[in-house]
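Enquirer: My questions all concern the structure below.
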Amino acid sequence: MGVFDALTLPNGSSIANRIAKAAMEENMADADQAPSDKLMRLYQAWADGGAGLIISGNVMVDSRAMTGPGGVVLEDDRQLEKFERWARIGRSKGAQFWLQINHPGRQMQANLGQKTWAPSALALDMGKMSRHFATPHAMTPEVIDEVIRRFARSASLAERAGFTGVEIHAAHGYLLSQFLSPLSNRRTDEWGGALENRARLLLQIVSAVRAEVSAQFSVAVKLNSADFQRGGFSAEDAEQVVKWLGGLGVDLVELSGGSYEAPAMQGQARDGRTLAREAYFLEFAREIQQVAEMPLMVTGGIRRLPVAEQVIDSGVAMVGIGTAMAIEPNLPRDWRLGMQSAPQLPPISWKNKALASLANMAVVRFQLRKLSLNKTPDPKVSPWRALILQQLASAIRTRQYRRWMALDGAAPALRTR
């Protein structure tokens, strides 16, 4: 198989090639937390770029639970026309377009003013940065049930809007990842303890989503290959979860890794492991592939065609590309034309790893903003400049979000707590 060969998923639908635009958090919602015109222009650039699959940045299943103040929310049908337009743009050149649906759990900024929920009442450990995140409340059974319903509802709405699938985010330290990790899940009921219990929420959400959508609608899961923290969710745990997902109608599993505390998705581990310069998680994928009944996708640092080919030659079905396509949205098209493009951001080697991680995300978002304005990305932008601009924009969006919530922005029918 080659990078530009089609892939048929278990549900029978086809992806035109093996390159996916991986999810990156854009924080480009409009004033109603719906897809904005800037977001539409950004996704038109990726649609034109030739990827076979486009996966959105975080789309929140609950307006009270945000990964960022400018996040898109899909919890009811009030803004469905905007989502329909977004779906048409993403699919305009033949790509499949999936919404990544998510809940942050404890990885939500305290200044958003919302009650924070997590499996256990354990705060993030990010050094001085920890003060920006509230200590969460342990989720009650009623709150857990509501989260399951919300994921299923968002998936159903995504299908109505014209998207071809959803990706359930169970990686990067967000809520479902928190349940999977014994470091953040200290529960002693049926949702904690043994891996079977820690995986229960993810498995029930997958089942609920699959029951709400048609057989032709793709259901994918983004899963950590490992947390890269000693005592956390391990590669062996990931193998077992992938086995369980095999019986639930999952069409693809994307393997990534890390969390806010250990941002391995940016090539940084906290457990002492040295990650590859590109295709960070390929070694884990080779092991998990032995038990996977569905296609696998590897995301993390891929920017060169020979590396993408190495991933496919190893038997992994798809390569996910994020940062490189923020710099060059036409990367798949360039590779098909024989160009050896390999876009890259300069490394940020600050001593404060948490701050360096924030700066890295800010530099990526700087490129996304450029694309959303139909401008050329600037990968050499100063990390400090990008970070300051990001913080200013976040402060503005935070005030806007809080005003929106004060005006009862969340759907009344779903506000059960």
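Identifiers for the structure tokens are assigned positionally: chains receive A, B, ... in sequence, residues are indexed from 1 per chain, and ligands are indexed from 1 in the order shown.
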At a cut-off of 7 Å, using only C-alpha atoms, what residues contact range 183-187 of chain A? Leave out same-chain residues fewer than 6 positions from it and give the result as a ChimeraX atom specification.
Expert: /A:119-120,122,193,231-232
Enquirer: Mind the document's chain letters and residue numbers, and return as a list of chain:residue names the residues of range 328-366 of chain A that DSSP labels alpha helix (DSSP H).
Expert: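 These are the residues in question: A:Leu331, A:Pro332, A:Arg333, A:Asp334, A:Trp335, A:Arg336, A:Lys353, A:Ala354, A:Leu355, A:Ala356, A:Ser357, A:Leu358, A:Ala359, A:Asn360, A:Met361, A:Ala362, A:Val363, A:Val364, A:Arg365, A:Phe366.
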Enquirer: Go ahead and write the residues just picked, all heavy atoms, as a short mmCIF file (atom, residue, chain, number, x, y, z; two decimals), in the first residue's frame.
Expert:
data_model
loop_
_atom_site.label_atom_id
_atom_site.label_comp_id
_atom_site.auth_asym_id
_atom_site.auth_seq_id
_atom_site.Cartn_x
_atom_site.Cartn_y
_atom_site.Cartn_z
N LEU A 331 0.31 20.41 1.60
CA LEU A 331 1.34 19.40 1.69
C LEU A 331 0.98 18.10 0.96
O LEU A 331 1.80 17.58 0.18
CB LEU A 331 1.67 19.13 3.15
CG LEU A 331 2.91 18.27 3.43
CD1 LEU A 331 4.16 18.93 2.90
CD2 LEU A 331 3.04 18.01 4.93
N PRO A 332 -0.22 17.52 1.14
CA PRO A 332 -0.53 16.29 0.39
C PRO A 332 -0.48 16.50 -1.12
O PRO A 332 0.05 15.64 -1.85
CB PRO A 332 -1.96 15.96 0.86
CG PRO A 332 -2.08 16.61 2.19
CD PRO A 332 -1.30 17.89 2.07
N ARG A 333 -1.01 17.61 -1.57
CA ARG A 333 -0.98 17.89 -3.02
C ARG A 333 0.46 18.06 -3.51
O ARG A 333 0.82 17.55 -4.58
CB ARG A 333 -1.78 19.15 -3.31
CG ARG A 333 -1.99 19.44 -4.79
CD ARG A 333 -2.81 20.70 -4.99
NE ARG A 333 -2.07 21.91 -4.58
CZ ARG A 333 -2.61 23.12 -4.51
NH1 ARG A 333 -3.90 23.28 -4.77
NH2 ARG A 333 -1.89 24.16 -4.15
N ASP A 334 1.30 18.74 -2.72
CA ASP A 334 2.70 18.92 -3.10
C ASP A 334 3.41 17.58 -3.20
O ASP A 334 4.19 17.34 -4.14
CB ASP A 334 3.42 19.80 -2.07
CG ASP A 334 2.99 21.25 -2.13
OD1 ASP A 334 2.28 21.62 -3.09
OD2 ASP A 334 3.34 22.01 -1.21
N TRP A 335 3.18 16.70 -2.23
CA TRP A 335 3.82 15.38 -2.27
C TRP A 335 3.36 14.59 -3.50
O TRP A 335 4.17 13.94 -4.14
CB TRP A 335 3.47 14.60 -1.01
CG TRP A 335 4.22 15.06 0.22
CD1 TRP A 335 5.26 15.94 0.27
CD2 TRP A 335 3.99 14.63 1.56
NE1 TRP A 335 5.69 16.10 1.57
CE2 TRP A 335 4.94 15.31 2.38
CE3 TRP A 335 3.09 13.76 2.15
CZ2 TRP A 335 5.00 15.11 3.76
CZ3 TRP A 335 3.14 13.56 3.53
CH2 TRP A 335 4.09 14.24 4.32
N ARG A 336 2.08 14.68 -3.81
CA ARG A 336 1.58 13.95 -4.99
C ARG A 336 2.24 14.46 -6.27
O ARG A 336 2.46 13.70 -7.22
CB ARG A 336 0.06 14.09 -5.08
CG ARG A 336 -0.56 13.19 -6.14
CD ARG A 336 -2.05 13.47 -6.27
NE ARG A 336 -2.84 12.92 -5.19
CZ ARG A 336 -3.33 11.68 -5.18
NH1 ARG A 336 -3.08 10.86 -6.20
NH2 ARG A 336 -4.08 11.26 -4.18
N LYS A 353 9.34 23.90 30.82
CA LYS A 353 8.72 23.03 29.81
C LYS A 353 7.24 23.33 29.61
O LYS A 353 6.72 23.25 28.50
CB LYS A 353 8.91 21.56 30.21
CG LYS A 353 10.37 21.13 30.30
CD LYS A 353 11.09 21.32 28.99
CE LYS A 353 12.53 20.82 29.07
NZ LYS A 353 13.29 21.09 27.82
N ALA A 354 6.54 23.66 30.71
CA ALA A 354 5.12 23.97 30.57
C ALA A 354 4.92 25.23 29.73
O ALA A 354 4.05 25.28 28.86
CB ALA A 354 4.49 24.15 31.96
N LEU A 355 5.77 26.25 29.98
CA LEU A 355 5.67 27.48 29.21
C LEU A 355 6.08 27.25 27.76
O LEU A 355 5.47 27.79 26.83
CB LEU A 355 6.56 28.56 29.84
CG LEU A 355 6.38 29.99 29.31
CD1 LEU A 355 4.95 30.48 29.57
CD2 LEU A 355 7.39 30.93 29.97
N ALA A 356 7.08 26.40 27.55
CA ALA A 356 7.50 26.08 26.19
C ALA A 356 6.39 25.36 25.43
O ALA A 356 6.19 25.59 24.23
CB ALA A 356 8.76 25.22 26.22
N SER A 357 5.66 24.50 26.13
CA SER A 357 4.54 23.80 25.51
C SER A 357 3.46 24.79 25.08
O SER A 357 2.91 24.70 23.98
CB SER A 357 3.96 22.77 26.47
OG SER A 357 2.83 22.14 25.95
N LEU A 358 3.15 25.75 25.97
CA LEU A 358 2.17 26.78 25.62
C LEU A 358 2.64 27.61 24.43
O LEU A 358 1.85 27.95 23.54
CB LEU A 358 1.92 27.69 26.82
CG LEU A 358 1.12 27.11 27.98
CD1 LEU A 358 1.08 28.10 29.14
CD2 LEU A 358 -0.29 26.74 27.54
N ALA A 359 3.92 27.94 24.40
CA ALA A 359 4.47 28.72 23.30
C ALA A 359 4.40 27.95 21.99
O ALA A 359 4.08 28.51 20.93
CB ALA A 359 5.90 29.13 23.59
N ASN A 360 4.68 26.66 22.06
CA ASN A 360 4.60 25.83 20.85
C ASN A 360 3.18 25.83 20.29
O ASN A 360 2.97 25.98 19.08
CB ASN A 360 5.04 24.41 21.17
CG ASN A 360 5.09 23.54 19.93
OD1 ASN A 360 6.04 23.60 19.15
ND2 ASN A 360 4.08 22.70 19.75
N MET A 361 2.19 25.67 21.18
CA MET A 361 0.79 25.71 20.73
C MET A 361 0.43 27.08 20.17
O MET A 361 -0.30 27.19 19.19
CB MET A 361 -0.14 25.33 21.88
CG MET A 361 -0.07 23.86 22.27
SD MET A 361 -1.35 23.37 23.47
CE MET A 361 -0.75 24.17 24.96
N ALA A 362 0.98 28.13 20.78
CA ALA A 362 0.70 29.49 20.31
C ALA A 362 1.28 29.72 18.92
O ALA A 362 0.66 30.37 18.07
CB ALA A 362 1.26 30.52 21.29
N VAL A 363 2.47 29.18 18.67
CA VAL A 363 3.09 29.33 17.35
C VAL A 363 2.25 28.60 16.29
O VAL A 363 2.05 29.11 15.18
CB VAL A 363 4.54 28.80 17.37
CG1 VAL A 363 5.10 28.70 15.96
CG2 VAL A 363 5.42 29.72 18.21
N VAL A 364 1.75 27.42 16.63
CA VAL A 364 0.89 26.70 15.68
C VAL A 364 -0.38 27.49 15.42
O VAL A 364 -0.81 27.66 14.27
CB VAL A 364 0.56 25.29 16.22
CG1 VAL A 364 -0.46 24.60 15.31
CG2 VAL A 364 1.83 24.45 16.31
N ARG A 365 -1.01 28.01 16.47
CA ARG A 365 -2.24 28.78 16.29
C ARG A 365 -1.99 30.06 15.51
O ARG A 365 -2.88 30.54 14.79
CB ARG A 365 -2.87 29.09 17.64
CG ARG A 365 -3.52 27.87 18.28
CD ARG A 365 -4.02 28.16 19.67
NE ARG A 365 -4.47 26.93 20.32
CZ ARG A 365 -4.64 26.80 21.62
NH1 ARG A 365 -4.40 27.84 22.42
NH2 ARG A 365 -5.04 25.67 22.14
N PHE A 366 -0.79 30.63 15.63
CA PHE A 366 -0.43 31.79 14.82
C PHE A 366 -0.52 31.45 13.34
O PHE A 366 -1.02 32.25 12.54
CB PHE A 366 0.99 32.25 15.18
CG PHE A 366 1.43 33.50 14.47
CD1 PHE A 366 1.17 34.75 15.01
CD2 PHE A 366 2.12 33.43 13.26
CE1 PHE A 366 1.57 35.92 14.36
CE2 PHE A 366 2.53 34.57 12.60
CZ PHE A 366 2.25 35.82 13.15
#
Enquirer: If you count only C-alpha atoms, which residues fall within 7 Å of Leu42 in chain A, apart from same-chain ones fewer than 4 positions away, as a ChimeraX atom specification?
Expert: /A:38,46,371-372
Enquirer: Identify all residues of range 303-399 of chain A in strand (DSSP E) (DSSP on the backbone) and supply them as a PyMOL selection string.
Expert: chain A and resi 318-321
Enquirer: Could the residues in this selection be written to a file with N, CA, C and O atoms, as a PDB file, in the first residue's frame?
Expert:
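What landed in selection_38.pdb:
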ATOM      1  N   MET A 318      -3.072   4.856   8.205  1.00  0.00           N
ATOM      2  CA  MET A 318      -3.104   6.280   7.877  1.00  0.00           C
ATOM      3  C   MET A 318      -2.066   7.046   8.682  1.00  0.00           C
ATOM      4  O   MET A 318      -1.690   6.643   9.782  1.00  0.00           O
ATOM      5  N   VAL A 319      -1.640   8.186   8.101  1.00  0.00           N
ATOM      6  CA  VAL A 319      -0.760   9.114   8.814  1.00  0.00           C
ATOM      7  C   VAL A 319      -1.545  10.387   9.098  1.00  0.00           C
ATOM      8  O   VAL A 319      -2.203  10.933   8.219  1.00  0.00           O
ATOM      9  N   GLY A 320      -1.481  10.849  10.333  1.00  0.00           N
ATOM     10  CA  GLY A 320      -2.105  12.111  10.703  1.00  0.00           C
ATOM     11  C   GLY A 320      -1.050  13.201  10.760  1.00  0.00           C
ATOM     12  O   GLY A 320       0.005  13.021  11.375  1.00  0.00           O
ATOM     13  N   ILE A 321      -1.329  14.316  10.121  1.00  0.00           N
ATOM     14  CA  ILE A 321      -0.365  15.416  10.057  1.00  0.00           C
ATOM     15  C   ILE A 321      -1.041  16.680  10.561  1.00  0.00           C
ATOM     16  O   ILE A 321      -2.090  17.072  10.048  1.00  0.00           O
TER      17      ILE A 321
END
Enquirer: I'd like the contact shell of Ala235 in chain A - 12 Å cut-off, only C-alpha atoms, skipping same-chain residues fewer than 4 positions apart - returned as a list in words.
Expert: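 Contacts, with the query itself left out: Leu180, Ser181, Leu223, Asn224, Ser225, Ala226, Asp227, Phe228, Gln229, Arg230, Gly231, Glu239, Gln240, Val241, Val242, Leu255, Ser256, Gly257, Gly258, Phe281, Leu282, Glu283, Phe284, Ala285, Arg286, Glu287, Ile288 and Gln289 of chain A.
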Enquirer: Within 6 Å of range 76-89 of chain A, counting only C-alpha atoms, which residues show up once you throw out same-chain ones fewer than 3 positions away? Write them as JSON, numbers by chain, please.
Expert: {"A": [40, 44, 92, 161, 162, 163]}
Enquirer: When you count only C-alpha atoms, which of these residues is closest to Ala23 in chain A: A:Leu368, A:Leu9, A:Val73, A:Leu296?
Expert: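 Selected residue with least distance to Ala23 in chain A: A:Leu368.
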Enquirer: Which one of A:Ile205, A:Ala215, A:Ala110, A:Met129 sits closest to Ile144 in chain A if you count only C-alpha atoms?
Expert: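 Closest to Ile144 in chain A, using only C-alpha atoms: A:Ile205.
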Enquirer: At what distance in Å, to one decimal, does CA of Pro329 in chain A lie from CA of Asp313 in chain A?
Expert: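 A separation of 23.8 Å between them.
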